[in-house]
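Peer 1: Okay, so here is structure20.pdb, and as you'll see once you scroll down, it has PDB, C-alpha atoms.
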```pdb
MODEL        1
ATOM      1  CA  MET A  14      33.412 110.705-145.234
ATOM      2  CA  LEU A  15      30.645 108.173-144.842
ATOM      3  CA  LEU A  16      29.484 109.579-141.480
ATOM      4  CA  ALA A  17      28.559 113.016-142.778
ATOM      5  CA  PRO A  18      25.230 112.081-144.383
ATOM      6  CA  PHE A  19      24.136 110.277-141.266
ATOM      7  CA  ARG A  20      25.096 113.276-139.139
ATOM      8  CA  LEU A  21      22.986 115.556-141.336
ATOM      9  CA  LEU A  22      19.995 113.262-141.221
ATOM     10  CA  SER A  23      20.180 113.016-137.458
ATOM     11  CA  GLN A  24      19.939 116.820-137.132
ATOM     12  CA  ARG A  25      16.558 116.989-138.942
ATOM     13  CA  PRO A  26      13.443 117.227-136.690
ATOM     14  CA  ILE A  27      11.391 114.090-136.480
ATOM     15  CA  THR A  28       7.617 114.710-137.005
ATOM     16  CA  SER A  29       5.021 112.264-135.671
ATOM     17  CA  LEU A  30       2.066 111.479-137.963
ATOM     18  CA  ALA A  31      -1.343 110.542-136.451
ATOM     19  CA  VAL A  32      -2.283 107.253-137.987
ATOM     20  CA  ARG A  33      -5.711 105.720-137.340
ATOM     21  CA  SER A  34      -5.311 102.193-136.133
ATOM     22  CA  VAL A  35      -7.118  99.745-133.975
ATOM     23  CA  CYS A  36      -5.410 101.101-130.879
ATOM     24  CA  SER A  37      -6.730 104.689-131.458
ATOM     25  CA  LYS A  38     -10.394 103.702-130.996
ATOM     26  CA  HIS A  39     -12.154 104.114-127.701
ATOM     27  CA  PHE A  40     -11.966 101.051-125.534
ATOM     28  CA  ASP A  41     -15.667 101.243-124.642
ATOM     29  CA  PRO A  42     -17.915 100.587-127.699
ATOM     30  CA  LYS A  43     -21.027 102.028-126.003
ATOM     31  CA  TRP A  44     -20.182 105.521-127.361
ATOM     32  CA  ARG A  45     -20.417 104.358-130.962
ATOM     33  CA  PRO A  46     -24.198 105.086-131.260
ATOM     34  CA  LEU A  47     -23.619 108.558-129.835
ATOM     35  CA  ARG A  48     -20.920 109.292-132.394
ATOM     36  CA  ARG A  49     -23.256 108.097-135.101
ATOM     37  CA  ARG A  50     -26.024 110.439-133.905
ATOM     38  CA  LYS A  51     -23.738 113.445-134.194
ATOM     39  CA  VAL A  52     -24.383 113.421-137.928
ATOM     40  CA  VAL A  53     -27.980 114.242-138.898
ATOM     41  CA  ARG A  54     -29.195 113.745-142.431
ATOM     42  CA  LEU A  55     -31.677 116.380-143.508
ATOM     43  CA  GLU A  56     -34.071 115.760-146.352
ATOM     44  CA  LEU A  57     -34.225 119.086-148.131
ATOM     45  CA  PRO A  58     -37.288 119.798-150.252
ATOM     46  CA  ASP A  59     -36.988 119.830-153.994
ATOM     47  CA  TYR A  60     -37.592 123.512-154.655
ATOM     48  CA  GLU A  61     -37.478 123.064-158.398
ATOM     49  CA  ARG A  62     -40.315 120.559-158.254
ATOM     50  CA  LEU A  63     -42.311 122.804-155.952
ATOM     51  CA  ARG A  64     -41.786 125.725-158.304
ATOM     52  CA  LYS A  65     -43.045 123.682-161.214
ATOM     53  CA  GLY A  66     -45.992 122.409-159.182
ATOM     54  CA  GLU A  67     -47.315 125.936-158.728
ATOM     55  CA  LYS A  68     -47.632 126.341-162.492
ATOM     56  CA  MET A  69     -49.196 122.920-163.109
ATOM     57  CA  THR A  70     -52.725 122.608-164.339
ATOM     58  CA  PRO A  71     -55.127 120.292-162.484
ATOM     59  CA  GLU A  72     -54.688 117.595-165.148
ATOM     60  CA  GLU A  73     -50.882 117.765-165.000
ATOM     61  CA  ARG A  74     -50.959 117.615-161.211
ATOM     62  CA  ARG A  75     -53.296 114.610-161.323
ATOM     63  CA  SER A  76     -51.024 112.738-163.767
ATOM     64  CA  TYR A  77     -47.927 113.606-161.724
ATOM     65  CA  MET A  78     -49.479 112.271-158.518
ATOM     66  CA  ARG A  79     -50.527 109.094-160.343
ATOM     67  CA  GLU A  80     -46.937 108.556-161.561
ATOM     68  CA  GLU A  81     -45.476 109.144-158.095
ATOM     69  CA  GLY A  82     -48.101 106.992-156.396
ATOM     70  CA  LEU A  83     -49.418 109.839-154.235
ATOM     71  CA  PHE A  84     -52.954 110.111-152.922
ATOM     72  CA  PRO A  85     -54.897 113.366-153.289
ATOM     73  CA  PRO A  86     -54.901 115.496-150.099
ATOM     74  CA  ARG A  87     -58.003 115.318-147.977
ATOM     75  CA  GLN A  88     -59.837 118.465-146.940
ATOM     76  CA  TYR A  89     -60.850 118.130-143.321
ATOM     77  CA  SER A  90     -63.830 120.172-142.188
ATOM     78  CA  GLU A  91     -63.665 119.212-138.524
ATOM     79  CA  ARG A  92     -64.091 121.872-135.872
ATOM     80  CA  PRO A  93     -63.177 121.686-132.188
ATOM     81  CA  ILE A  94     -66.051 121.181-129.751
ATOM     82  CA  ASN A  95     -66.117 122.653-126.279
ATOM     83  CA  ILE A  96     -68.564 120.983-123.896
ATOM     84  CA  ALA A  97     -67.835 123.284-120.959
ATOM     85  CA  SER A  98     -70.509 125.673-122.251
ATOM     86  CA  THR A  99     -73.013 126.028-125.071
ATOM     87  CA  SER A 100     -72.601 128.235-128.119
ATOM     88  CA  ASP A 101     -75.914 130.091-127.937
ATOM     89  CA  VAL A 102     -78.864 131.084-125.752
ATOM     90  CA  PHE A 103     -81.630 128.506-126.125
ATOM     91  CA  GLU A 104     -85.177 129.868-125.890
ATOM     92  CA  PRO A 105     -84.105 133.408-124.935
ATOM     93  CA  TYR A 106     -86.304 135.444-122.639
ATOM     94  CA  ILE A 107     -88.378 138.122-124.406
ATOM     95  CA  PRO A 108     -88.479 141.235-122.196
ATOM     96  CA  PRO A 109     -91.834 143.055-122.119
ATOM     97  CA  GLU A 110     -91.905 146.419-123.831
ATOM     98  CA  GLY A 111     -91.658 149.317-121.422
ATOM     99  CA  ASP A 112     -90.060 147.275-118.647
ATOM    100  CA  GLY A 113     -88.500 149.515-116.018
ATOM    101  CA  ARG A 114     -90.853 152.408-116.814
ATOM    102  CA  ALA A 115     -94.362 150.952-116.396
ATOM    103  CA  SER A 116     -95.766 150.753-112.867
ATOM    104  CA  ILE A 117     -97.584 147.628-111.698
ATOM    105  CA  VAL A 118    -100.654 149.762-110.974
ATOM    106  CA  SER A 119    -100.894 150.909-114.604
ATOM    107  CA  LYS A 120    -102.430 148.905-117.444
ATOM    108  CA  GLU A 121     -99.055 148.035-118.991
ATOM    109  CA  GLY A 122     -97.742 146.873-115.641
ATOM    110  CA  LEU A 123    -100.731 144.575-115.104
ATOM    111  CA  VAL A 124    -100.255 143.060-118.572
ATOM    112  CA  GLN A 125     -96.579 142.372-117.826
ATOM    113  CA  PHE A 126     -97.478 140.818-114.472
ATOM    114  CA  TYR A 127    -100.089 138.551-116.111
ATOM    115  CA  LYS A 128     -97.622 137.353-118.771
ATOM    116  CA  SER A 129     -95.048 136.549-116.116
ATOM    117  CA  LEU A 130     -97.609 134.428-114.265
ATOM    118  CA  THR A 131     -98.394 132.413-117.400
ATOM    119  CA  LYS A 132     -94.721 131.505-117.775
ATOM    120  CA  LYS A 133     -94.343 130.419-114.159
ATOM    121  CA  GLY A 134     -95.235 126.819-114.979
ATOM    122  CA  THR A 135     -92.437 126.229-117.492
ATOM    123  CA  VAL A 136     -89.958 128.115-115.316
ATOM    124  CA  TYR A 137     -90.869 125.970-112.294
ATOM    125  CA  LYS A 138     -90.369 122.759-114.294
ATOM    126  CA  HIS A 139     -86.826 123.703-115.313
ATOM    127  CA  LEU A 140     -86.116 125.117-111.869
ATOM    128  CA  LYS A 141     -86.976 121.728-110.384
ATOM    129  CA  LYS A 142     -84.418 120.133-112.721
ATOM    130  CA  VAL A 143     -81.751 122.551-111.461
ATOM    131  CA  LYS A 144     -82.561 121.694-107.842
ATOM    132  CA  GLU A 145     -81.925 118.028-108.588
ATOM    133  CA  TYR A 146     -78.241 118.913-109.053
ATOM    134  CA  GLU A 147     -78.131 121.760-106.498
ATOM    135  CA  GLU A 148     -80.182 120.919-103.457
ATOM    136  CA  ASN A 149     -79.703 124.293-101.716
ATOM    137  CA  PHE A 150     -80.535 126.381-104.775
ATOM    138  CA  ASP A 151     -82.553 129.512-103.992
ATOM    139  CA  GLU A 152     -83.758 132.026-106.591
ATOM    140  CA  PHE A 153     -83.337 135.121-104.414
ATOM    141  CA  GLN A 154     -79.849 134.151-103.259
ATOM    142  CA  PHE A 155     -78.835 133.259-106.799
ATOM    143  CA  ALA A 156     -79.914 136.701-108.024
ATOM    144  CA  LEU A 157     -77.539 138.310-105.510
ATOM    145  CA  ASP A 158     -74.717 135.935-106.458
ATOM    146  CA  ALA A 159     -75.353 136.584-110.157
ATOM    147  CA  GLU A 160     -75.014 140.316-109.573
ATOM    148  CA  LYS A 161     -71.617 139.717-107.937
ATOM    149  CA  ILE A 162     -70.496 137.594-110.904
ATOM    150  CA  TYR A 163     -71.660 140.390-113.209
ATOM    151  CA  ASN A 164     -69.611 142.981-111.290
ATOM    152  CA  ASN A 165     -66.487 140.793-111.090
ATOM    153  CA  ALA A 166     -66.549 140.080-114.825
ATOM    154  CA  HIS A 167     -66.724 143.777-115.697
ATOM    155  CA  LEU A 168     -64.010 144.647-113.176
ATOM    156  CA  CYS A 169     -61.697 142.048-114.761
ATOM    157  CA  LEU A 170     -62.446 143.579-118.147
ATOM    158  CA  GLU A 171     -61.554 147.033-116.835
ATOM    159  CA  GLN A 172     -58.315 145.817-115.220
ATOM    160  CA  ARG A 173     -57.356 143.680-118.262
ATOM    161  CA  ASP A 174     -57.216 140.577-116.074
ATOM    162  CA  ASN A 175     -58.031 138.122-118.856
ATOM    163  CA  LYS A 176     -56.967 135.087-116.841
ATOM    164  CA  THR A 177     -59.446 135.761-114.029
ATOM    165  CA  LEU A 178     -62.114 136.776-116.529
ATOM    166  CA  ARG A 179     -62.349 133.139-117.685
ATOM    167  CA  GLU A 180     -63.672 132.228-114.233
ATOM    168  CA  PHE A 181     -66.636 134.623-114.576
ATOM    169  CA  ALA A 182     -67.376 134.423-118.343
ATOM    170  CA  THR A 183     -68.117 131.421-120.534
ATOM    171  CA  GLU A 184     -66.339 130.560-123.759
ATOM    172  CA  LEU A 185     -69.095 132.386-125.658
ATOM    173  CA  ALA A 186     -68.982 135.641-123.681
ATOM    174  CA  TYR A 187     -65.190 135.811-123.280
ATOM    175  CA  PRO A 188     -64.284 136.709-126.910
ATOM    176  CA  GLN A 189     -67.316 138.991-127.200
ATOM    177  CA  MET A 190     -66.227 141.022-124.173
ATOM    178  CA  LEU A 191     -62.626 141.377-125.413
ATOM    179  CA  GLU A 192     -63.530 142.220-128.996
ATOM    180  CA  GLY A 193     -61.994 145.546-130.003
ATOM    181  CA  MET A 194     -60.520 146.224-126.522
ATOM    182  CA  ARG A 195     -56.857 145.695-127.347
ATOM    183  CA  TYR A 196     -55.998 149.380-127.830
ATOM    184  CA  ARG A 197     -58.772 150.841-125.677
ATOM    185  CA  THR A 198     -59.085 151.772-122.032
ATOM    186  CA  VAL A 199     -62.267 151.054-120.095
ATOM    187  CA  ARG A 200     -63.368 152.889-116.957
ATOM    188  CA  TRP A 201     -66.421 151.193-115.436
ATOM    189  CA  LYS A 202     -68.019 151.586-112.014
ATOM    190  CA  PHE A 203     -71.098 150.003-110.437
ATOM    191  CA  LEU A 204     -72.715 152.664-108.247
ATOM    192  CA  GLU A 205     -75.940 151.164-106.879
ATOM    193  CA  SER A 206     -78.874 148.871-107.623
ATOM    194  CA  LEU A 207     -82.084 150.703-108.454
ATOM    195  CA  GLU A 208     -84.106 147.487-108.051
ATOM    196  CA  PRO A 209     -83.169 144.162-106.490
ATOM    197  CA  ALA A 210     -81.932 141.685-109.067
ATOM    198  CA  ARG A 211     -84.425 138.899-109.750
ATOM    199  CA  VAL A 212     -84.651 135.724-111.828
ATOM    200  CA  VAL A 213     -87.044 136.068-114.773
ATOM    201  CA  HIS A 214     -86.369 132.929-116.810
ATOM    202  CA  VAL A 215     -84.927 129.429-116.277
ATOM    203  CA  LYS A 216     -84.152 126.885-118.980
ATOM    204  CA  THR A 217     -82.360 123.532-118.992
ATOM    205  CA  THR A 218     -81.339 121.458-121.989
ATOM    206  CA  SER A 219     -79.056 118.560-122.888
ATOM    207  CA  MET A 220     -76.382 118.335-125.557
ATOM    208  CA  LEU A 221     -74.919 115.207-127.237
ATOM    209  CA  ALA A 222     -76.548 113.059-124.553
ATOM    210  CA  GLU A 223     -79.457 113.284-122.123
ATOM    211  CA  SER A 224     -77.117 113.021-119.150
ATOM    212  CA  ASN A 225     -75.060 116.031-120.366
ATOM    213  CA  LEU A 226     -77.258 118.793-118.940
ATOM    214  CA  TYR A 227     -76.863 122.594-119.052
ATOM    215  CA  ALA A 228     -78.829 125.298-117.263
ATOM    216  CA  GLN A 229     -79.318 128.924-118.284
ATOM    217  CA  ILE A 230     -80.894 131.468-115.949
ATOM    218  CA  THR A 231     -81.789 135.001-117.046
ATOM    219  CA  VAL A 232     -81.450 137.657-114.343
ATOM    220  CA  ARG A 233     -82.909 141.141-114.568
ATOM    221  CA  ILE A 234     -80.394 143.730-113.303
ATOM    222  CA  HIS A 235     -81.501 147.365-112.996
ATOM    223  CA  SER A 236     -78.626 149.501-111.725
ATOM    224  CA  LYS A 237     -76.832 152.832-111.973
ATOM    225  CA  GLN A 238     -73.395 152.726-113.610
ATOM    226  CA  THR A 239     -70.709 154.893-115.166
ATOM    227  CA  LEU A 240     -68.854 153.816-118.288
ATOM    228  CA  ALA A 241     -66.153 155.575-120.268
ATOM    229  CA  ILE A 242     -64.105 154.154-123.143
ATOM    230  CA  TYR A 243     -60.916 155.835-124.355
ATOM    231  CA  ASP A 244     -58.984 155.069-127.526
ATOM    232  CA  ARG A 245     -55.226 154.473-127.708
ATOM    233  CA  PHE A 246     -54.607 158.231-127.955
ATOM    234  CA  GLY A 247     -56.477 158.926-124.711
ATOM    235  CA  ARG A 248     -59.483 160.506-126.428
ATOM    236  CA  LEU A 249     -62.966 159.810-125.100
ATOM    237  CA  MET A 250     -64.909 157.523-127.430
ATOM    238  CA  TYR A 251     -68.011 156.641-125.451
ATOM    239  CA  GLY A 252     -69.759 157.540-122.196
ATOM    240  CA  SER A 253     -68.497 159.567-119.259
ATOM    241  CA  GLU A 254     -66.775 158.887-115.948
ATOM    242  CA  THR A 255     -68.786 161.532-114.070
ATOM    243  CA  VAL A 256     -72.313 161.234-115.503
ATOM    244  CA  PRO A 257     -74.075 158.093-114.171
ATOM    245  CA  ARG A 258     -76.691 156.321-116.257
ATOM    246  CA  ASP A 259     -79.556 153.981-115.424
ATOM    247  CA  VAL A 260     -78.896 150.584-117.038
ATOM    248  CA  LEU A 261     -81.495 147.823-117.396
ATOM    249  CA  GLU A 262     -80.013 144.532-118.579
ATOM    250  CA  TYR A 263     -81.152 140.948-118.938
ATOM    251  CA  VAL A 264     -78.055 138.856-118.288
ATOM    252  CA  VAL A 265     -77.925 135.117-118.991
ATOM    253  CA  PHE A 266     -75.860 132.939-116.657
ATOM    254  CA  GLU A 267     -74.981 129.359-117.522
ATOM    255  CA  LYS A 268     -73.689 126.314-115.697
ATOM    256  CA  HIS A 269     -72.727 122.815-116.821
ATOM    257  CA  LEU A 270     -74.839 120.865-114.343
ATOM    258  CA  SER A 271     -73.414 117.457-115.239
ATOM    259  CA  SER A 272     -69.842 118.601-114.567
ATOM    260  CA  LEU A 273     -68.509 118.189-111.053
ATOM    261  CA  TYR A 274     -66.432 121.379-111.405
ATOM    262  CA  GLY A 275     -69.105 123.460-113.181
ATOM    263  CA  SER A 276     -69.865 126.978-111.937
ATOM    264  CA  TRP A 277     -72.245 129.775-112.804
ATOM    265  CA  ARG A 278     -70.714 132.179-115.314
ATOM    266  CA  LEU A 279     -71.855 135.101-117.427
ATOM    267  CA  HIS A 280     -72.956 133.726-120.789
ATOM    268  CA  SER A 281     -74.726 136.445-122.779
ATOM    269  CA  LYS A 282     -76.982 139.495-122.669
ATOM    270  CA  ILE A 283     -80.439 139.815-124.196
ATOM    271  CA  GLU A 284     -81.093 143.020-126.135
ATOM    272  CA  PRO A 285     -84.804 143.503-126.915
ATOM    273  CA  GLU A 286     -85.937 144.981-130.203
ATOM    274  CA  TRP A 287     -87.645 147.947-128.549
ATOM    275  CA  MET A 288     -84.405 149.079-126.901
ATOM    276  CA  PRO A 289     -83.382 152.580-128.081
ATOM    277  CA  PRO A 290     -80.210 152.790-130.210
ATOM    278  CA  ARG A 291     -76.934 153.261-128.399
ATOM    279  CA  GLN A 292     -74.794 156.348-128.507
ATOM    280  CA  PRO A 293     -72.328 156.064-131.434
ATOM    281  CA  GLN A 294     -68.629 155.871-130.680
ATOM    282  CA  LEU A 295     -66.310 158.727-131.611
ATOM    283  CA  ASN A 296     -63.503 157.076-133.567
ATOM    284  CA  THR A 297     -60.212 158.719-134.533
ATOM    285  CA  PHE A 298     -59.134 158.541-138.174
ATOM    286  CA  ILE A 299     -56.312 159.935-140.298
ATOM    287  CA  ARG A 300     -57.763 162.764-142.364
ATOM    288  CA  LYS A 301     -56.595 162.754-145.946
ATOM    289  CA  SER A 302     -55.307 166.125-147.097
ATOM    290  CA  SER A 303     -56.866 167.739-150.158
ATOM    291  CA  PRO A 304     -54.713 168.633-153.225
ATOM    292  CA  LYS A 305     -54.841 172.337-152.273
ATOM    293  CA  GLU A 306     -53.538 171.600-148.768
ATOM    294  CA  LEU A 307     -50.725 169.429-150.163
ATOM    295  CA  ALA A 308     -49.723 172.192-152.600
ATOM    296  CA  ALA A 309     -49.732 174.788-149.798
ATOM    297  CA  LEU A 310     -47.614 172.486-147.632
ATOM    298  CA  GLU A 311     -45.052 172.009-150.431
ATOM    299  CA  THR A 312     -44.747 175.766-151.008
ATOM    300  CA  ALA A 313     -44.305 176.333-147.281
ATOM    301  CA  VAL A 314     -41.508 173.760-147.133
ATOM    302  CA  THR A 315     -39.692 175.210-150.166
ATOM    303  CA  THR A 316     -39.925 178.835-148.984
ATOM    304  CA  ALA A 317     -38.810 178.046-145.449
ATOM    305  CA  PRO A 318     -35.021 177.786-146.240
ATOM    306  CA  ALA A 319     -35.091 181.044-148.260
ATOM    307  CA  ALA A 320     -36.770 182.912-145.443
ATOM    308  CA  SER A 321     -34.254 181.604-142.915
ATOM    309  CA  SER A 322     -31.260 182.653-145.054
ATOM    310  CA  SER A 323     -32.679 186.165-145.578
ATOM    311  CA  SER A 324     -33.154 186.577-141.857
ATOM    312  CA  VAL A 325     -29.548 185.601-141.166
ATOM    313  CA  ALA A 326     -27.998 188.009-143.747
ATOM    314  CA  PRO A 327     -28.742 191.351-141.961
ATOM    315  CA  SER A 328     -27.327 190.042-138.729
ATOM    316  CA  ALA A 329     -24.089 189.095-140.511
ATOM    317  CA  SER A 330     -23.719 192.517-142.152
ATOM    318  CA  SER A 331     -24.387 194.300-138.885
TER
ENDMDL
END
```
Mind turning this structure into structure tokens?

Peer 2:
Amino acid sequence: MLLAPFRLLSQRPITSLAVRSVCSKHFDPKWRPLRRRKVVRLELPDYERLRKGEKMTPEERRSYMREEGLFPPRQYSERPINIASTSDVFEPYIPPEGDGRASIVSKEGLVQFYKSLTKKGTVYKHLKKVKEYEENFDEFQFALDAEKIYNNAHLCLEQRDNKTLREFATELAYPQMLEGMRYRTVRWKFLESLEPARVVHVKTTSMLAESNLYAQITVRIHSKQTLAIYDRFGRLMYGSETVPRDVLEYVVFEKHLSSLYGSWRLHSKIEPEWMPPRQPQLNTFIRKSSPKELAALETAVTTAPAASSSSVAPSASS
């Protein structure tokens, strides 16, 4: 009789309980910092305080910051400075009125030729400064190279090659060339040069220090081109792909002379005051419907189901 309880107890399943002890820890204590880093404590913002701070008056905010020992936030007005190029055209060249149309034999042509001779002295002084950094600099060869830079920059703009465009355009010309071109398509082609490109103005200046020297050279480019701009819907906005036009431009090229890796790039274009106005662009807009058109559209929509049901009824009876 006494063995029965023991027999019943022996038939019960024995469950093992996991008890944390000294023996259950890892034998190598180097993993303890890693286990501690598994838990990250996040400092959540006090949204209630932020909500109250929006409704605070300036005096309440000042007293609250004094109680908490906080300093007033500083308003920084610093702007980034890029020394790879300048931000403007210094002493821009003033093109003579009627350039490209007046012959040198005429009175206007002689006046233009005389004014160009009077400016030769200042141009030669700055040109000598450029030759101190570039010994093999030649005006005629530079005009040809500048025309190639001009063509490559416009081809990159047409092909949307913005990465290569940075090699031919400065930080001033780059955003100006891409402005408004996100949803537009450009078709540009350089056909021929009507006159050889020539240097008309040279200017050097320093920035931040006398040793930090920049050079800007204005090149006169008279050529025949075709330009067509399409909007995102494929509609022609400006120009034509088949009708060429004579284009006379004064393009400014700049180089950071003090930089070892500086190169000549397109910097800006000079637009004289006597230049005729450009052809306006044909933009596409959403035309707002008048109240009469909206009322006619509503009546058409409401009468459409009735007309369709009446047209189906004779076919069913037949």

Peer 1: Could you jot down the CA of Glu152 (chain A) to CA of Arg233 (chain A) separation for me, Å, one decimal place?

Peer 2: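 It comes out at 12.1 Å.
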
Peer 1: Decode the PyMOL selection byres ((chain A and resi 219) around 10) for the given file into explicit residues and return them as a list in words.

Peer 2: Thr99, Thr217, Thr218, Met220, Leu221, Ala222, Glu223, Ser224, Asn225, Leu226, Tyr227, Ala228, His269, Leu270 and Ser271 of chain A

Peer 1: Work out how far CA of Asp151 (chain A) is from CA of Arg211 (chain A), in Å to one decimal.

Peer 2: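 Interatomic distance, CA of Arg211 (chain A) to CA of Asp151 (chain A): 11.2 Å.
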
Peer 1: Find the spatial neighbours of Lys268 (chain A), counting only C-alpha atoms, within a cut-off of 10 Å - ignore same-chain residues fewer than 3 positions away - and output them as a ChimeraX atom specification.

Peer 2: /A:97-99,143,183,217,226-230,271-272,274-280

Peer 1: In Å, rounded to a single decimal, give me how far CA of Pro209 (chain A) is from CA of Tyr137 (chain A).

Peer 2: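 Separation of CA of Tyr137 (chain A) and CA of Pro209 (chain A): 20.6 Å.
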
Peer 1: How would region 223-238 of chain A read, as a PDB file, in the coordinates of the input, once N, CA and C atoms are built in?

Peer 2:
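Saved to selection_0.pdb:
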```pdb
ATOM      1  N   GLU A 223     -78.474 112.808-123.094  1.00  0.00           N
ATOM      2  CA  GLU A 223     -79.457 113.284-122.123  1.00  0.00           C
ATOM      3  C   GLU A 223     -78.832 113.540-120.757  1.00  0.00           C
ATOM      4  N   SER A 224     -77.761 112.828-120.451  1.00  0.00           N
ATOM      5  CA  SER A 224     -77.117 113.021-119.150  1.00  0.00           C
ATOM      6  C   SER A 224     -76.237 114.264-119.105  1.00  0.00           C
ATOM      7  N   ASN A 225     -75.898 114.833-120.291  1.00  0.00           N
ATOM      8  CA  ASN A 225     -75.060 116.031-120.366  1.00  0.00           C
ATOM      9  C   ASN A 225     -75.983 117.246-120.339  1.00  0.00           C
ATOM     10  N   LEU A 226     -76.223 117.788-119.147  1.00  0.00           N
ATOM     11  CA  LEU A 226     -77.258 118.793-118.940  1.00  0.00           C
ATOM     12  C   LEU A 226     -76.630 120.160-118.672  1.00  0.00           C
ATOM     13  N   TYR A 227     -77.272 121.195-119.243  1.00  0.00           N
ATOM     14  CA  TYR A 227     -76.863 122.594-119.052  1.00  0.00           C
ATOM     15  C   TYR A 227     -78.065 123.386-118.560  1.00  0.00           C
ATOM     16  N   ALA A 228     -77.776 124.424-117.791  1.00  0.00           N
ATOM     17  CA  ALA A 228     -78.829 125.298-117.263  1.00  0.00           C
ATOM     18  C   ALA A 228     -78.473 126.743-117.572  1.00  0.00           C
ATOM     19  N   GLN A 229     -79.471 127.495-118.010  1.00  0.00           N
ATOM     20  CA  GLN A 229     -79.318 128.924-118.284  1.00  0.00           C
ATOM     21  C   GLN A 229     -80.403 129.677-117.526  1.00  0.00           C
ATOM     22  N   ILE A 230     -79.976 130.667-116.758  1.00  0.00           N
ATOM     23  CA  ILE A 230     -80.894 131.468-115.949  1.00  0.00           C
ATOM     24  C   ILE A 230     -80.710 132.928-116.338  1.00  0.00           C
ATOM     25  N   THR A 231     -81.808 133.584-116.675  1.00  0.00           N
ATOM     26  CA  THR A 231     -81.789 135.001-117.046  1.00  0.00           C
ATOM     27  C   THR A 231     -82.142 135.837-115.826  1.00  0.00           C
ATOM     28  N   VAL A 232     -81.285 136.798-115.518  1.00  0.00           N
ATOM     29  CA  VAL A 232     -81.450 137.657-114.343  1.00  0.00           C
ATOM     30  C   VAL A 232     -81.659 139.095-114.817  1.00  0.00           C
ATOM     31  N   ARG A 233     -82.640 139.728-114.263  1.00  0.00           N
ATOM     32  CA  ARG A 233     -82.909 141.141-114.568  1.00  0.00           C
ATOM     33  C   ARG A 233     -82.142 142.009-113.595  1.00  0.00           C
ATOM     34  N   ILE A 234     -81.248 142.857-114.117  1.00  0.00           N
ATOM     35  CA  ILE A 234     -80.394 143.730-113.303  1.00  0.00           C
ATOM     36  C   ILE A 234     -80.674 145.168-113.705  1.00  0.00           C
ATOM     37  N   HIS A 235     -81.215 145.941-112.774  1.00  0.00           N
ATOM     38  CA  HIS A 235     -81.501 147.365-112.996  1.00  0.00           C
ATOM     39  C   HIS A 235     -80.624 148.152-112.031  1.00  0.00           C
ATOM     40  N   SER A 236     -79.626 148.858-112.567  1.00  0.00           N
ATOM     41  CA  SER A 236     -78.626 149.501-111.725  1.00  0.00           C
ATOM     42  C   SER A 236     -78.230 150.850-112.311  1.00  0.00           C
ATOM     43  N   LYS A 237     -77.400 151.549-111.543  1.00  0.00           N
ATOM     44  CA  LYS A 237     -76.832 152.832-111.973  1.00  0.00           C
ATOM     45  C   LYS A 237     -75.325 152.653-112.119  1.00  0.00           C
ATOM     46  N   GLN A 238     -74.799 152.973-113.297  1.00  0.00           N
ATOM     47  CA  GLN A 238     -73.395 152.726-113.610  1.00  0.00           C
ATOM     48  C   GLN A 238     -72.788 153.940-114.307  1.00  0.00           C
TER      49      GLN A 238
END
```
